[in-house]
>>> print(open('work-v7.cif').read())   # mmCIF, C-alpha atoms; chains and numbers go by the auth columns
data_query
loop_
_atom_site.group_PDB
_atom_site.id
_atom_site.type_symbol
_atom_site.label_atom_id
_atom_site.label_comp_id
_atom_site.label_asym_id
_atom_site.label_seq_id
_atom_site.Cartn_x
_atom_site.Cartn_y
_atom_site.Cartn_z
_atom_site.B_iso_or_equiv
_atom_site.auth_seq_id
_atom_site.auth_asym_id
ATOM 1 C CA MET A 1 208.593 155.845 -50.383 0.00 119 A
ATOM 2 C CA ARG A 2 205.965 155.226 -47.738 0.00 120 A
ATOM 3 C CA HIS A 3 203.438 157.192 -49.856 0.00 121 A
ATOM 4 C CA ALA A 4 204.102 154.950 -52.889 0.00 122 A
ATOM 5 C CA ALA A 5 203.571 151.798 -50.782 0.00 123 A
ATOM 6 C CA VAL A 6 200.239 153.079 -49.477 0.00 124 A
ATOM 7 C CA CYS A 7 199.088 154.017 -53.006 0.00 125 A
ATOM 8 C CA SER A 8 200.094 150.589 -54.393 0.00 126 A
ATOM 9 C CA THR A 9 198.300 148.790 -51.569 0.00 127 A
ATOM 10 C CA LEU A 10 195.173 150.874 -52.208 0.00 128 A
ATOM 11 C CA ALA A 11 195.342 150.228 -55.967 0.00 129 A
ATOM 12 C CA ILE A 12 195.632 146.454 -55.399 0.00 130 A
ATOM 13 C CA ALA A 13 192.720 146.494 -52.927 0.00 131 A
ATOM 14 C CA VAL A 14 190.499 148.357 -55.380 0.00 132 A
ATOM 15 C CA ALA A 15 191.487 146.076 -58.260 0.00 133 A
ATOM 16 C CA PHE A 16 190.480 142.964 -56.316 0.00 134 A
ATOM 17 C CA GLY A 17 187.245 144.408 -54.907 0.00 135 A
ATOM 18 C CA ALA A 18 188.438 144.781 -51.328 0.00 136 A
ATOM 19 C CA PRO A 19 186.460 147.340 -49.379 0.00 137 A
ATOM 20 C CA THR A 20 188.059 150.713 -49.049 0.00 138 A
ATOM 21 C CA ARG A 21 187.666 153.225 -46.296 0.00 139 A
ATOM 22 C CA ALA A 22 186.808 156.070 -48.635 0.00 140 A
ATOM 23 C CA ALA A 23 183.738 158.043 -47.644 0.00 141 A
ATOM 24 C CA THR A 24 180.651 157.097 -49.621 0.00 142 A
ATOM 25 C CA PRO A 25 178.575 160.000 -50.890 0.00 143 A
ATOM 26 C CA PRO A 26 175.132 160.341 -49.259 0.00 144 A
ATOM 27 C CA LYS A 27 172.256 158.831 -51.204 0.00 145 A
ATOM 28 C CA PRO A 28 169.988 161.402 -52.815 0.00 146 A
ATOM 29 C CA ALA A 29 166.618 161.854 -51.140 0.00 147 A
ATOM 30 C CA VAL A 30 163.870 159.849 -52.796 0.00 148 A
ATOM 31 C CA PRO A 31 161.436 162.339 -54.328 0.00 149 A
ATOM 32 C CA ALA A 32 157.818 162.068 -53.223 0.00 150 A
ATOM 33 C CA SER A 33 155.693 160.405 -55.851 0.00 151 A
ATOM 34 C CA ALA A 34 153.641 162.705 -58.040 0.00 152 A
ATOM 35 C CA PRO A 35 149.887 162.724 -57.489 0.00 153 A
ATOM 36 C CA SER A 36 147.830 160.420 -59.661 0.00 154 A
ATOM 37 C CA PRO A 37 146.498 162.027 -62.831 0.00 155 A
ATOM 38 C CA MET A 38 142.950 163.327 -62.715 0.00 156 A
ATOM 39 C CA LEU A 39 140.318 160.908 -63.996 0.00 157 A
ATOM 40 C CA ALA A 40 137.613 162.703 -65.954 0.00 158 A
ATOM 41 C CA ASP A 41 134.634 161.646 -68.044 0.00 159 A
ATOM 42 C CA ALA A 42 135.978 158.096 -68.276 0.00 160 A
ATOM 43 C CA CYS A 43 132.645 156.245 -68.200 0.00 161 A
ATOM 44 C CA PRO A 44 131.719 154.532 -71.464 0.00 162 A
ATOM 45 C CA ALA A 45 129.074 156.633 -73.255 0.00 163 A
ATOM 46 C CA GLN A 46 126.936 153.531 -73.890 0.00 164 A
ATOM 47 C CA LEU A 47 126.701 150.206 -72.059 0.00 165 A
ATOM 48 C CA PRO A 48 125.668 147.158 -74.099 0.00 166 A
ATOM 49 C CA VAL A 49 123.417 144.998 -71.918 0.00 167 A
ATOM 50 C CA LYS A 50 121.603 141.703 -72.390 0.00 168 A
ATOM 51 C CA GLN A 51 118.688 141.281 -69.997 0.00 169 A
ATOM 52 C CA THR A 52 117.059 137.925 -69.394 0.00 170 A
ATOM 53 C CA VAL A 53 114.133 136.864 -67.273 0.00 171 A
ATOM 54 C CA ALA A 54 115.588 134.917 -64.335 0.00 172 A
ATOM 55 C CA THR A 55 112.540 132.725 -63.626 0.00 173 A
ATOM 56 C CA ALA A 56 109.658 132.020 -65.999 0.00 174 A
ATOM 57 C CA ILE A 57 106.245 132.967 -64.648 0.00 175 A
ATOM 58 C CA PRO A 58 103.378 130.538 -65.450 0.00 176 A
ATOM 59 C CA GLY A 59 101.090 131.968 -68.138 0.00 177 A
ATOM 60 C CA TRP A 60 103.658 134.515 -69.329 0.00 178 A
ATOM 61 C CA THR A 61 106.240 134.352 -72.099 0.00 179 A
ATOM 62 C CA PRO A 62 109.646 135.766 -71.134 0.00 180 A
ATOM 63 C CA LEU A 63 111.009 138.316 -73.606 0.00 181 A
ATOM 64 C CA ASP A 64 114.744 138.693 -73.219 0.00 182 A
ATOM 65 C CA GLN A 65 116.112 142.033 -74.344 0.00 183 A
ATOM 66 C CA GLN A 66 119.388 143.319 -75.611 0.00 184 A
ATOM 67 C CA GLY A 67 120.299 146.967 -76.035 0.00 185 A
ATOM 68 C CA SER A 68 122.761 149.742 -75.476 0.00 186 A
ATOM 69 C CA TYR A 69 121.989 152.168 -72.690 0.00 187 A
ATOM 70 C CA PRO A 70 123.275 155.769 -72.307 0.00 188 A
ATOM 71 C CA PHE A 71 125.553 156.908 -69.476 0.00 189 A
ATOM 72 C CA GLN A 72 123.560 158.826 -66.878 0.00 190 A
ATOM 73 C CA ARG A 73 125.357 159.304 -63.550 0.00 191 A
ATOM 74 C CA VAL A 74 128.314 158.439 -61.319 0.00 192 A
ATOM 75 C CA ALA A 75 128.352 157.034 -57.800 0.00 193 A
ATOM 76 C CA PHE A 76 131.158 156.617 -55.255 0.00 194 A
ATOM 77 C CA TYR A 77 131.704 153.855 -52.694 0.00 195 A
ATOM 78 C CA PRO A 78 134.111 153.113 -49.810 0.00 196 A
ATOM 79 C CA GLY A 79 134.960 149.734 -51.361 0.00 197 A
ATOM 80 C CA ALA A 80 133.834 147.698 -54.326 0.00 198 A
ATOM 81 C CA PRO A 81 130.117 148.258 -55.046 0.00 199 A
ATOM 82 C CA GLY A 82 128.169 145.263 -53.841 0.00 200 A
ATOM 83 C CA ASP A 83 130.653 144.435 -51.057 0.00 201 A
ATOM 84 C CA ALA A 84 129.270 144.407 -47.537 0.00 202 A
ATOM 85 C CA GLY A 85 129.657 147.843 -46.007 0.00 203 A
ATOM 86 C CA ALA A 86 130.211 149.602 -49.354 0.00 204 A
ATOM 87 C CA ALA A 87 127.251 151.961 -49.053 0.00 205 A
ATOM 88 C CA LEU A 88 126.799 154.764 -51.540 0.00 206 A
ATOM 89 C CA ILE A 89 128.602 157.971 -50.494 0.00 207 A
ATOM 90 C CA VAL A 90 126.406 161.064 -50.594 0.00 208 A
ATOM 91 C CA PRO A 91 127.861 164.364 -51.863 0.00 209 A
ATOM 92 C CA THR A 92 129.447 166.643 -49.261 0.00 210 A
ATOM 93 C CA LEU A 93 128.936 169.734 -51.437 0.00 211 A
ATOM 94 C CA GLU A 94 125.937 170.677 -53.545 0.00 212 A
ATOM 95 C CA PHE A 95 125.215 173.762 -55.596 0.00 213 A
ATOM 96 C CA LYS A 96 122.228 174.438 -57.845 0.00 214 A
ATOM 97 C CA GLY A 97 122.656 177.012 -60.572 0.00 215 A
ATOM 98 C CA GLN A 98 120.986 177.955 -63.841 0.00 216 A
ATOM 99 C CA ALA A 99 122.934 175.294 -65.717 0.00 217 A
ATOM 100 C CA GLY A 100 121.910 172.519 -63.349 0.00 218 A
ATOM 101 C CA LEU A 101 123.106 170.776 -60.210 0.00 219 A
ATOM 102 C CA HIS A 102 126.765 170.475 -59.197 0.00 220 A
ATOM 103 C CA ASP A 103 127.964 167.950 -56.586 0.00 221 A
ATOM 104 C CA GLY A 104 131.280 167.443 -54.843 0.00 222 A
ATOM 105 C CA TRP A 105 132.554 164.548 -52.737 0.00 223 A
ATOM 106 C CA ASP A 106 135.362 165.019 -50.199 0.00 224 A
ATOM 107 C CA LEU A 107 136.970 161.604 -49.807 0.00 225 A
ATOM 108 C CA PRO A 108 139.170 161.393 -46.691 0.00 226 A
ATOM 109 C CA ARG A 109 142.097 158.958 -46.837 0.00 227 A
ATOM 110 C CA ARG A 110 141.128 155.407 -45.961 0.00 228 A
ATOM 111 C CA SER A 111 142.797 152.038 -46.334 0.00 229 A
ATOM 112 C CA GLY A 112 141.448 150.337 -49.420 0.00 230 A
ATOM 113 C CA GLY A 113 140.607 153.642 -51.141 0.00 231 A
ATOM 114 C CA TYR A 114 137.404 154.320 -53.030 0.00 232 A
ATOM 115 C CA TRP A 115 135.522 152.939 -56.021 0.00 233 A
ATOM 116 C CA MET A 116 133.359 154.691 -58.574 0.00 234 A
ATOM 117 C CA ALA A 117 130.526 153.268 -60.633 0.00 235 A
ATOM 118 C CA CYS A 118 129.002 154.449 -63.898 0.00 236 A
ATOM 119 C CA ALA A 119 125.212 154.069 -64.003 0.00 237 A
ATOM 120 C CA TYR A 120 123.130 153.960 -67.173 0.00 238 A
ATOM 121 C CA GLY A 121 119.576 154.945 -68.067 0.00 239 A
ATOM 122 C CA ASN A 122 116.798 152.307 -68.098 0.00 240 A
ATOM 123 C CA THR A 123 118.965 149.509 -66.696 0.00 241 A
ATOM 124 C CA THR A 124 120.423 148.478 -63.361 0.00 242 A
ATOM 125 C CA ALA A 125 123.624 147.239 -65.033 0.00 243 A
ATOM 126 C CA THR A 126 126.697 149.297 -64.120 0.00 244 A
ATOM 127 C CA VAL A 127 130.462 149.250 -64.547 0.00 245 A
ATOM 128 C CA ALA A 128 132.847 150.123 -61.719 0.00 246 A
ATOM 129 C CA ARG A 129 136.538 150.745 -61.124 0.00 247 A
ATOM 130 C CA LYS A 130 138.817 151.450 -58.199 0.00 248 A
ATOM 131 C CA LEU A 131 140.084 155.013 -57.933 0.00 249 A
ATOM 132 C CA ALA A 132 143.780 155.693 -57.316 0.00 250 A
ATOM 133 C CA ASP A 133 144.619 155.533 -53.603 0.00 251 A
ATOM 134 C CA ASP A 134 145.489 159.243 -53.371 0.00 252 A
ATOM 135 C CA VAL A 135 142.179 160.497 -54.850 0.00 253 A
ATOM 136 C CA ASP A 136 140.528 162.734 -52.252 0.00 254 A
ATOM 137 C CA PHE A 137 137.901 164.668 -54.247 0.00 255 A
ATOM 138 C CA CYS A 138 135.347 164.037 -56.985 0.00 256 A
ATOM 139 C CA GLN A 139 132.918 166.429 -58.649 0.00 257 A
ATOM 140 C CA ALA A 140 130.025 166.133 -61.080 0.00 258 A
ATOM 141 C CA ASP A 141 128.056 168.651 -63.117 0.00 259 A
ATOM 142 C CA TYR A 142 124.544 167.628 -64.138 0.00 260 A
ATOM 143 C CA ASP A 143 122.573 168.795 -67.136 0.00 261 A
ATOM 144 C CA GLY A 144 119.573 170.793 -65.940 0.00 262 A
ATOM 145 C CA ARG A 145 117.499 170.099 -69.066 0.00 263 A
ATOM 146 C CA PHE A 146 116.331 166.642 -67.935 0.00 264 A
ATOM 147 C CA LEU A 147 113.859 165.539 -65.276 0.00 265 A
ATOM 148 C CA THR A 148 116.344 163.000 -63.906 0.00 266 A
ATOM 149 C CA LEU A 149 119.976 163.660 -63.061 0.00 267 A
ATOM 150 C CA VAL A 150 122.180 163.254 -66.143 0.00 268 A
ATOM 151 C CA VAL A 151 125.894 163.918 -65.731 0.00 269 A
ATOM 152 C CA LYS A 152 127.441 166.146 -68.366 0.00 270 A
ATOM 153 C CA HIS A 153 130.937 166.212 -66.790 0.00 271 A
ATOM 154 C CA TRP A 154 132.645 164.535 -63.832 0.00 272 A
ATOM 155 C CA SER A 155 136.187 164.233 -62.502 0.00 273 A
ATOM 156 C CA CYS A 156 138.149 162.747 -59.595 0.00 274 A
ATOM 157 C CA GLY A 157 141.654 163.429 -58.395 0.00 275 A
ATOM 158 C CA VAL A 158 143.866 164.990 -55.770 0.00 276 A
ATOM 159 C CA LYS A 159 141.955 168.139 -54.802 0.00 277 A
ATOM 160 C CA ARG A 160 145.010 170.417 -54.621 0.00 278 A
ATOM 161 C CA THR A 161 145.899 169.602 -58.247 0.00 279 A
ATOM 162 C CA MET A 162 142.391 169.888 -59.727 0.00 280 A
ATOM 163 C CA PRO A 163 140.869 172.996 -61.276 0.00 281 A
ATOM 164 C CA PRO A 164 138.188 174.542 -59.068 0.00 282 A
ATOM 165 C CA PRO A 165 134.665 173.216 -59.562 0.00 283 A
ATOM 166 C CA VAL A 166 132.497 175.095 -62.071 0.00 284 A
ATOM 167 C CA TRP A 167 130.394 176.626 -59.311 0.00 285 A
ATOM 168 C CA ALA A 168 133.489 177.957 -57.484 0.00 286 A
ATOM 169 C CA ARG A 169 135.016 179.748 -60.478 0.00 287 A
ATOM 170 C CA PRO A 170 134.565 183.504 -60.692 0.00 288 A
ATOM 171 C CA ALA A 171 131.936 184.651 -63.159 0.00 289 A
ATOM 172 C CA PRO A 172 133.364 186.122 -66.354 0.00 290 A
ATOM 173 C CA ARG A 173 133.375 189.887 -66.315 0.00 291 A
ATOM 174 C CA ALA A 174 131.518 191.777 -68.986 0.00 292 A
ATOM 175 C CA SER A 175 133.919 193.726 -71.149 0.00 293 A
ATOM 176 C CA ALA A 176 133.624 197.457 -70.700 0.00 294 A
ATOM 177 C CA LYS A 177 133.293 198.624 -74.302 0.00 295 A
ATOM 178 C CA PRO A 178 132.496 202.254 -74.757 0.00 296 A
ATOM 179 C CA ALA A 179 129.148 202.987 -76.359 0.00 297 A
ATOM 180 C CA PRO A 180 129.404 203.836 -80.052 0.00 298 A
ATOM 181 C CA LYS A 181 129.304 207.563 -80.809 0.00 299 A
ATOM 182 C CA HIS A 182 126.732 208.840 -83.235 0.00 300 A
#
>>> encode(input="work-v7.cif", output="structure tokens")
Amino acid sequence: MRHAAVCSTLAIAVAFGAPTRAATPPKPAVPASAPSPMLADACPAQLPVKQTVATAIPGWTPLDQQGSYPFQRVAFYPGAPGDAGAALIVPTLEFKGQAGLHDGWDLPRRSGGYWMACAYGNTTATVARKLADDVDFCQADYDGRFLTLVVKHWSCGVKRTMPPPVWARPAPRASAKPAPKH
């Protein structure tokens, strides 16, 4: 009889939302967030630009120009480019091979993260964007066929999740085919 009274009291308490003394299961651990996806070759291939002469010079006729300029290189900054203290970051790794120059930037964690800028040939106009806060490495491969540095591939991401840079990959082995018999 006592058992029935306890069960009825518990059923009434649950029905009316009264707190019960039942043990609550532990909350599952919150999984760590996944690293940001790698950002690669995201610069626009061409940048449309309109250039105007800021101040007319006596005796000269200003000729404003408009054109589309090709992507040429990337640059990295510890803050928005143009902000005070956002000086260009120089590469921490450099390798020169037959295919051209390869650079790498180790980016230690910092509050505010990093920014990258896309630079274009024959103009000072650029576009920039903030990198994800967990990005800690960027790399660029330059085409060795030009007199100036021209990026052919670049990427940024969490170093432990990125493929090794081109210059760090093992060279492909020549297949050992037997010589043809005559």
>>> residues_around(input="work-v7.cif", residues="Pro209 (chain A)", least_positions_apart="5", cutoff="6 Å", atoms="only C-alpha atoms", output="PyMOL selection string")
chain A and resi 221-223
>>> resolve_selection(input="work-v7.cif", expression="the PyMOL selection byres ((chain A and resi 275) around 8)", output="PyMOL selection string")
chain A and resi 154-157+252-256+273-274+276-277+279-280
>>> resolve_selection(input="work-v7.cif", expression="the PyMOL selection byres ((chain A and resi 165) around 12)", output="MDAnalysis selection string")
chainID A and resid 161:164 166:168 184:190 236:245
>>> resolve_selection(input="work-v7.cif", expression="the PyMOL selection byres ((chain A and resi 196-204) around 10)", output="PDB file with C-alpha atoms, in the coordinates of the input")
ATOM      1  CA  ALA A 193     128.352 157.034 -57.800  1.00  0.00           C
ATOM      2  CA  PHE A 194     131.158 156.617 -55.255  1.00  0.00           C
ATOM      3  CA  TYR A 195     131.704 153.855 -52.694  1.00  0.00           C
ATOM      4  CA  ALA A 205     127.251 151.961 -49.053  1.00  0.00           C
ATOM      5  CA  LEU A 206     126.799 154.764 -51.540  1.00  0.00           C
ATOM      6  CA  ILE A 207     128.602 157.971 -50.494  1.00  0.00           C
ATOM      7  CA  LEU A 225     136.970 161.604 -49.807  1.00  0.00           C
ATOM      8  CA  ARG A 228     141.128 155.407 -45.961  1.00  0.00           C
ATOM      9  CA  SER A 229     142.797 152.038 -46.334  1.00  0.00           C
ATOM     10  CA  GLY A 230     141.448 150.337 -49.420  1.00  0.00           C
ATOM     11  CA  GLY A 231     140.607 153.642 -51.141  1.00  0.00           C
ATOM     12  CA  TYR A 232     137.404 154.320 -53.030  1.00  0.00           C
ATOM     13  CA  TRP A 233     135.522 152.939 -56.021  1.00  0.00           C
ATOM     14  CA  MET A 234     133.359 154.691 -58.574  1.00  0.00           C
ATOM     15  CA  ALA A 235     130.526 153.268 -60.633  1.00  0.00           C
ATOM     16  CA  THR A 244     126.697 149.297 -64.120  1.00  0.00           C
ATOM     17  CA  VAL A 245     130.462 149.250 -64.547  1.00  0.00           C
ATOM     18  CA  ALA A 246     132.847 150.123 -61.719  1.00  0.00           C
ATOM     19  CA  ARG A 247     136.538 150.745 -61.124  1.00  0.00           C
ATOM     20  CA  LYS A 248     138.817 151.450 -58.199  1.00  0.00           C
ATOM     21  CA  LEU A 249     140.084 155.013 -57.933  1.00  0.00           C
TER      22      LEU A 249
END
>>> atom_distance(input="work-v7.cif", atom1="CA of His220 (chain A)", atom2="CA of Ala152 (chain A)")
28.0 Å
>>> atom_distance(input="work-v7.cif", atom1="CA of Glu212 (chain A)", atom2="CA of Arg191 (chain A)")
15.2 Å
>>> atom_distance(input="work-v7.cif", atom1="CA of Arg263 (chain A)", atom2="CA of Leu211 (chain A)")
21.0 Å
>>> closest_residue(input="work-v7.cif", among="A:Thr179, A:Thr266, A:Ala158, A:Tyr260", to="Ala217 (chain A)", atoms="all atoms listed in the file")
A:Tyr260
>>> closest_residue(input="work-v7.cif", among="A:Val192, A:Asp251, A:Lys270, A:Trp178", to="Gly218 (chain A)", atoms="only C-alpha atoms")
A:Lys270
